[in-house]
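Since the structure comes first, as structure tokens, the remarks are kept for the end.
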Amino acid sequence: MSASVLTTAAAAAGTGTVSSGWSWYIIALIVLNLGGCLWLIWWTGRRRPGDPSATDTSHIWDGDLTEYNKPMPRWWINLFYLTIIFTVGYLVWYPGFGAFAGTSKWTSAIEHDAEKAKQDKKLEAAFAPYAGKAIDAIAQDERAVKLGRAIFANNCATCHGSSAQGAIGYPNLTDKIWHWGGTPDQILETVLNGRQAAMPGWQDALGGPQGVTEVAVYLQSLRGERVDAGLARAGELKYAGICVSCHGVDGKGNQALGAPNLTDDYWLYGDSIAAIQESIAKGRNGAMPAHLPIIGETRARLVAAYVWSLTHKPGELAQAEAPAPEATAEATDATAADATSVDATAADATTTDAATPAAETTEAPTTDASSSPEASPATK
Ligand code: HEC
Ligand code: HEC
């Protein structure tokens with residue numbers, strides 16, 4: 001009977017705002033339906049003058065088959081009335097009667113929030129033991145890693161894949177190749193605050209597609225492939241002029257900038273020559289979103305521990321792989337120097353380009369940066 005109207009009304013009320021036109025439309029439908037039901041019971045149950053009595057019969061078939069004229073059972077009729085009373089009660093208590101909120105003030109949104117608060121509290125209790133703990137320590141706890149895996153599935157798998165093996169443009173987290181660093185602290189930093197890789201396009205600065213090819217060939221030579229020596233030599237000069245400030249003298253990259261190692265077999269954007277040349281010509285700007293605002297600190301720790309556990313055996317702690325103190329210091333110095341020279345490089349690249357399209361990189365001051373990183377701050 002009025003069930004479909006009730007659901008429509010409830011759905012409309014559930015959306016929070018019902019315009020007054022719709023509200024009156026719904027109210028009219030409900031009143032019509034309920035009124036119709038009442039009228040139907042009264043009309044069918046009414047005894048008309050001339051009706052045969054209950055035990056009497058007015059019809060005879062086949063000469064001797066007769067039927068009674070019994071009224072509907074009382075309990076059945078009463079059930080019918082009860083459903084109507086229930087409907088009225090429902091519409092007084094719950095929202096549904098147009099825009100009328102119902103005396104209980106119940107809304108699905110409030111119920112959802114309360115439910116969610118309850119779940120969050122439960123989850124917080126599950127996460128609490130791991131708050132502020134070191135990533136590699138958390139990774140030793142099987143239950144924590146399980147929680148971390150669930151958090152990964154909900155928040156990271158869309159980009160990094162359900163098995164964390166990544167895709168083109170989305171790094172594989174199950175290997176030991178890290179653009180931003182694979183220590184517990186670095187992974188946590190990546191998850192909490194995100195990372196923005198910035199590699200500008202260099203086609204113009206390299207003097208066009210030919211220059212791009214030359215550097216790409218030079219990169220192939222760095223990986224020990226046999227290449228045209230002339231092209232590689234030309235590429236090496238260009239590399240020293242532009243790329244060195246971020247990717248390093250030996251092409252091994254710089255984790256502080258997220259600049260990848262160009263001498264290994266891992267290519268975030270694909271290993272075809274075309275993909276590599278496109279990276280060089282047009283640049284790449286991979287962005288890992290900050291997750292502190294999305295999942296909070298403790299969940300970030302748990303998921304970072306899960307990521308860390310993917311490349312470490314149970315029982316393994318971070319100490320073993322921490323770089324020697326002097327190596328770290330050196331790296332930091334280099335980073336500072338590089339960071340300064342980056343600006344210089346970018347600026348030079350544009351000016352060189354404007355003046356001489358051939359991009360004679362040897363005359364650019366950036367060469368200083370490549371030969372002695374310490375000298376580069378002076379170029380500022
Ligand atoms: C919107 C897509 C997206 C989501 C969601 C995402 N990531 Fe990323 N993530 C990226 C991209 C893109 C990069 C690479 C950035 C770059 O180019 O350097 C990245 C990089 C990383 C890195 C650094 C890898 C390296 O080589 O240093 C880690 C670690 C990481 N993500 C973990 C996570 C975790 C854990 C989550 C879930 C909490 C997550 N990511 C969610 C897109 C995403
Ligand atoms: C300003 C710093 C900077 C300079 C200069 C720079 N790069 Fe990059 N390069 C990056 C960063 C950061 C990435 C990572 C981009 C990403 O993850 O989206 C990158 C990525 C790449 C990639 C893609 C690697 C992959 O895994 O797919 C190639 C190839 C590359 N650079 C080559 C070069 C060459 C050749 C030059 C010189 C012409 C150069 N880069 C100059 C910062 C730089």
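Each chain of the structure tokens is named A, B, ... in the order shown, its residues numbered from 1; ligands are numbered from 1 in display order.
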
Determine, for each residue of chain A having at least one atom at most 8 Å from an atom of ligand 1, the closest pair of atoms and their separation in Å to one decimal, counting only C-alpha atoms and all ligand atoms; order by chain and ascending number, as a tab-separated table.
residue	atom	partner	partner_atom_place_in_ligand_line	distance
A:Ile151	CA	ligand 1	38 (C)	7.1
A:Phe152	CA	ligand 1	37 (C)	5.4
A:Asn154	CA	ligand 1	37 (C)	8.0
A:Asn155	CA	ligand 1	37 (C)	4.8
A:Cys156	CA	ligand 1	37 (C)	3.5
A:Ala157	CA	ligand 1	5 (C)	7.0
A:Thr158	CA	ligand 1	5 (C)	6.0
A:Cys159	CA	ligand 1	2 (C)	4.4
A:His160	CA	ligand 1	7 (N)	6.2
A:Gly169	CA	ligand 1	12 (C)	5.7
A:Tyr170	CA	ligand 1	12 (C)	4.6
A:Pro171	CA	ligand 1	24 (C)	5.6
A:Asn172	CA	ligand 1	26 (O)	7.2
A:Leu173	CA	ligand 1	24 (C)	6.3
A:Ile177	CA	ligand 1	26 (O)	6.1
A:Trp178	CA	ligand 1	26 (O)	3.4
A:His179	CA	ligand 1	26 (O)	3.8
A:Trp180	CA	ligand 1	27 (O)	3.6
A:Gly181	CA	ligand 1	27 (O)	5.0
A:Gly182	CA	ligand 1	27 (O)	6.3
A:Gln186	CA	ligand 1	29 (C)	7.9
A:Ile187	CA	ligand 1	29 (C)	4.9
A:Leu188	CA	ligand 1	29 (C)	7.5
A:Thr190	CA	ligand 1	29 (C)	5.7
A:Val191	CA	ligand 1	34 (C)	5.4
A:Gly194	CA	ligand 1	8 (Fe)	7.6
A:Arg195	CA	ligand 1	15 (C)	5.9
A:Gln196	CA	ligand 1	15 (C)	6.2
A:Ala197	CA	ligand 1	18 (O)	4.8
A:Gln255	CA	ligand 1	27 (O)	7.7
A:Gly258	CA	ligand 1	18 (O)	5.4
A:Ala259	CA	ligand 1	18 (O)	7.6
A:Leu268	CA	ligand 1	17 (O)	7.6
A:Arg284	CA	ligand 1	17 (O)	7.4
A:Asn285	CA	ligand 1	17 (O)	6.1
A:Gly286	CA	ligand 1	17 (O)	3.2
A:Ala287	CA	ligand 1	12 (C)	4.5
A:Met288	CA	ligand 1	10 (C)	3.8
A:Pro289	CA	ligand 1	3 (C)	6.0
A:His291	CA	ligand 1	38 (C)	5.9
A:Ile295	CA	ligand 1	38 (C)	7.5
A:Ala300	CA	ligand 1	38 (C)	6.4
A:Val303	CA	ligand 1	35 (C)	5.5
A:Ala304	CA	ligand 1	35 (C)	5.5
A:Tyr306	CA	ligand 1	35 (C)	8.0
A:Val307	CA	ligand 1	35 (C)	6.2

For the selection just defined, write its residues with C-alpha atoms to a file, as a CSV table (one decimal), in the first residue's frame.
chain,number,residue,atom,x,y,z
A,151,ILE,CA,45.5,0.6,5.9
A,152,PHE,CA,47.6,0.2,2.7
A,154,ASN,CA,42.4,1.3,1.8
A,155,ASN,CA,44.6,4.2,1.2
A,156,CYS,CA,47.6,3.3,-1.0
A,157,ALA,CA,46.6,0.4,-3.2
A,158,THR,CA,44.7,2.6,-5.7
A,159,CYS,CA,48.0,4.1,-6.8
A,160,HIS,CA,50.7,1.6,-5.8
A,169,GLY,CA,54.5,6.5,-12.7
A,170,TYR,CA,53.7,4.8,-9.3
A,171,PRO,CA,56.8,3.4,-7.6
A,172,ASN,CA,57.2,-0.3,-6.8
A,173,LEU,CA,57.5,-0.4,-3.0
A,177,ILE,CA,65.1,1.0,-5.1
A,178,TRP,CA,64.0,4.2,-3.4
A,179,HIS,CA,63.8,7.6,-4.9
A,180,TRP,CA,63.2,9.3,-1.6
A,181,GLY,CA,65.0,6.9,0.7
A,182,GLY,CA,64.1,3.6,2.3
A,186,GLN,CA,62.4,8.5,5.2
A,187,ILE,CA,59.4,6.2,4.4
A,188,LEU,CA,57.5,7.8,7.3
A,190,THR,CA,57.1,10.3,2.6
A,191,VAL,CA,53.8,9.0,3.9
A,194,GLY,CA,54.1,13.5,0.7
A,195,ARG,CA,56.7,14.1,-1.9
A,196,GLN,CA,56.7,16.3,-5.0
A,197,ALA,CA,59.2,15.3,-7.7
A,255,GLN,CA,67.2,11.1,-2.6
A,258,GLY,CA,63.7,12.5,-5.4
A,259,ALA,CA,66.0,12.4,-8.4
A,268,LEU,CA,59.5,4.7,-12.9
A,284,ARG,CA,58.2,14.5,-14.9
A,285,ASN,CA,56.4,15.7,-11.8
A,286,GLY,CA,55.3,12.7,-9.8
A,287,ALA,CA,53.4,13.6,-6.7
A,288,MET,CA,52.9,11.4,-3.6
A,289,PRO,CA,50.1,13.0,-1.6
A,291,HIS,CA,48.7,11.4,4.2
A,295,ILE,CA,45.0,8.9,8.0
A,300,ALA,CA,50.8,6.5,8.9
A,303,VAL,CA,51.4,1.6,7.0
A,304,ALA,CA,55.0,2.8,6.8
A,306,TYR,CA,54.0,-2.4,6.5
A,307,VAL,CA,55.9,-0.9,3.5

At a cut-off of 6 Å, can you tabulate as JSON lines every residue of chain A near ligand 2 together with its closest atom pair and the distance in Å to one decimal, using only C-alpha atoms and all ligand atoms and ordering rows by chain then number?
{"residue": "A:Ala197", "atom": "CA", "partner": "ligand 2", "partner_atom_place_in_ligand_line": "12 (C)", "distance": 4.3}
{"residue": "A:Ala198", "atom": "CA", "partner": "ligand 2", "partner_atom_place_in_ligand_line": "12 (C)", "distance": 4.5}
{"residue": "A:Met199", "atom": "CA", "partner": "ligand 2", "partner_atom_place_in_ligand_line": "10 (C)", "distance": 4.0}
{"residue": "A:Trp202", "atom": "CA", "partner": "ligand 2", "partner_atom_place_in_ligand_line": "38 (C)", "distance": 5.5}
{"residue": "A:Val215", "atom": "CA", "partner": "ligand 2", "partner_atom_place_in_ligand_line": "35 (C)", "distance": 5.5}
{"residue": "A:Tyr239", "atom": "CA", "partner": "ligand 2", "partner_atom_place_in_ligand_line": "37 (C)", "distance": 5.3}
{"residue": "A:Ile242", "atom": "CA", "partner": "ligand 2", "partner_atom_place_in_ligand_line": "37 (C)", "distance": 4.9}
{"residue": "A:Cys243", "atom": "CA", "partner": "ligand 2", "partner_atom_place_in_ligand_line": "37 (C)", "distance": 3.4}
{"residue": "A:Ser245", "atom": "CA", "partner": "ligand 2", "partner_atom_place_in_ligand_line": "5 (C)", "distance": 5.6}
{"residue": "A:Cys246", "atom": "CA", "partner": "ligand 2", "partner_atom_place_in_ligand_line": "2 (C)", "distance": 4.3}
{"residue": "A:Leu257", "atom": "CA", "partner": "ligand 2", "partner_atom_place_in_ligand_line": "12 (C)", "distance": 5.5}
{"residue": "A:Gly258", "atom": "CA", "partner": "ligand 2", "partner_atom_place_in_ligand_line": "12 (C)", "distance": 4.6}
{"residue": "A:Ala259", "atom": "CA", "partner": "ligand 2", "partner_atom_place_in_ligand_line": "11 (C)", "distance": 3.8}
{"residue": "A:Pro260", "atom": "CA", "partner": "ligand 2", "partner_atom_place_in_ligand_line": "13 (C)", "distance": 5.8}
{"residue": "A:Trp267", "atom": "CA", "partner": "ligand 2", "partner_atom_place_in_ligand_line": "26 (O)", "distance": 3.4}
{"residue": "A:Leu268", "atom": "CA", "partner": "ligand 2", "partner_atom_place_in_ligand_line": "26 (O)", "distance": 3.7}
{"residue": "A:Tyr269", "atom": "CA", "partner": "ligand 2", "partner_atom_place_in_ligand_line": "27 (O)", "distance": 3.8}
{"residue": "A:Gly270", "atom": "CA", "partner": "ligand 2", "partner_atom_place_in_ligand_line": "27 (O)", "distance": 5.8}
{"residue": "A:Ile276", "atom": "CA", "partner": "ligand 2", "partner_atom_place_in_ligand_line": "29 (C)", "distance": 4.6}
{"residue": "A:Ser279", "atom": "CA", "partner": "ligand 2", "partner_atom_place_in_ligand_line": "29 (C)", "distance": 5.1}
{"residue": "A:Ile280", "atom": "CA", "partner": "ligand 2", "partner_atom_place_in_ligand_line": "32 (C)", "distance": 4.9}
{"residue": "A:Arg284", "atom": "CA", "partner": "ligand 2", "partner_atom_place_in_ligand_line": "18 (O)", "distance": 4.2}
{"residue": "A:Asn285", "atom": "CA", "partner": "ligand 2", "partner_atom_place_in_ligand_line": "18 (O)", "distance": 3.9}
{"residue": "A:Gly286", "atom": "CA", "partner": "ligand 2", "partner_atom_place_in_ligand_line": "18 (O)", "distance": 3.3}
{"residue": "A:Val342", "atom": "CA", "partner": "ligand 2", "partner_atom_place_in_ligand_line": "1 (C)", "distance": 5.4}

Tell me, which residues of segment 158-249 of chain A carry DSSP strand (DSSP E or B), written as a ChimeraX atom specification?
/A:167,170,195-196,199

Between atom CA of Ala234 of chain A and atom CA of Leu206 of chain A, distance in Å (one decimal):
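Going from atom CA of Ala234 of chain A over to atom CA of Leu206 of chain A covers 10.6 Å.
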
Select, from A:Gln210, A:Asn193, A:Ser272, A:Thr44, the residue with the minimum atom-to-atom distance to Glu297 of chain A, counting only C-alpha atoms.
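Residue with the minimum atom-to-atom distance to Glu297 of chain A: A:Asn193.
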
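Here the question is which of A:Val18, A:Glu278, A:Ile85, A:Ile135 gets nearest to Thr183 of chain A using only C-alpha atoms, and that residue is A:Ile135.
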
When you look at segment 118-129 of chain A with a cut-off of 9 Å (counting only C-alpha atoms), what residues show up, excluding the ones that are within fewer than 3 positions of it in the same chain? I need them as a PDB file with C-alpha atoms, in the first residue's frame.
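The result, stored in part_1.pdb:
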ATOM      1  CA  ASP A 113      28.348   9.708  12.686  1.00  0.00           C
ATOM      2  CA  ALA A 114      27.617   7.987  15.965  1.00  0.00           C
ATOM      3  CA  GLU A 115      28.383   4.596  14.427  1.00  0.00           C
ATOM      4  CA  GLY A 132      55.076   7.123  18.415  1.00  0.00           C
ATOM      5  CA  LYS A 133      56.901   3.801  18.009  1.00  0.00           C
ATOM      6  CA  ALA A 144      50.706  -4.369  13.472  1.00  0.00           C
ATOM      7  CA  LEU A 147      46.831  -3.549  10.413  1.00  0.00           C
ATOM      8  CA  THR A 298      49.618   6.476  14.061  1.00  0.00           C
ATOM      9  CA  ARG A 299      48.029   4.941  10.997  1.00  0.00           C
ATOM     10  CA  LEU A 302      51.558   1.417  10.796  1.00  0.00           C
TER      11      LEU A 302
END

Separation of atom CA of Leu34 of chain A from atom CA of Tyr81 of chain A in Å:
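Taking atom CA of Tyr81 of chain A and atom CA of Leu34 of chain A, their separation equals 10.5 Å.
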
A:Phe100, A:Gly148, A:Pro49, A:Leu82 ranked by distance to Ser19 of chain A, top pick (using only C-alpha atoms)
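Closest to Ser19 of chain A, using only C-alpha atoms: A:Phe100.
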
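Restricting the calculation to only C-alpha atoms, the smallest distance between Ile27 of chain A and any of A:Pro95, A:Gly166, A:Gly251, A:Gly207 is found for A:Pro95.
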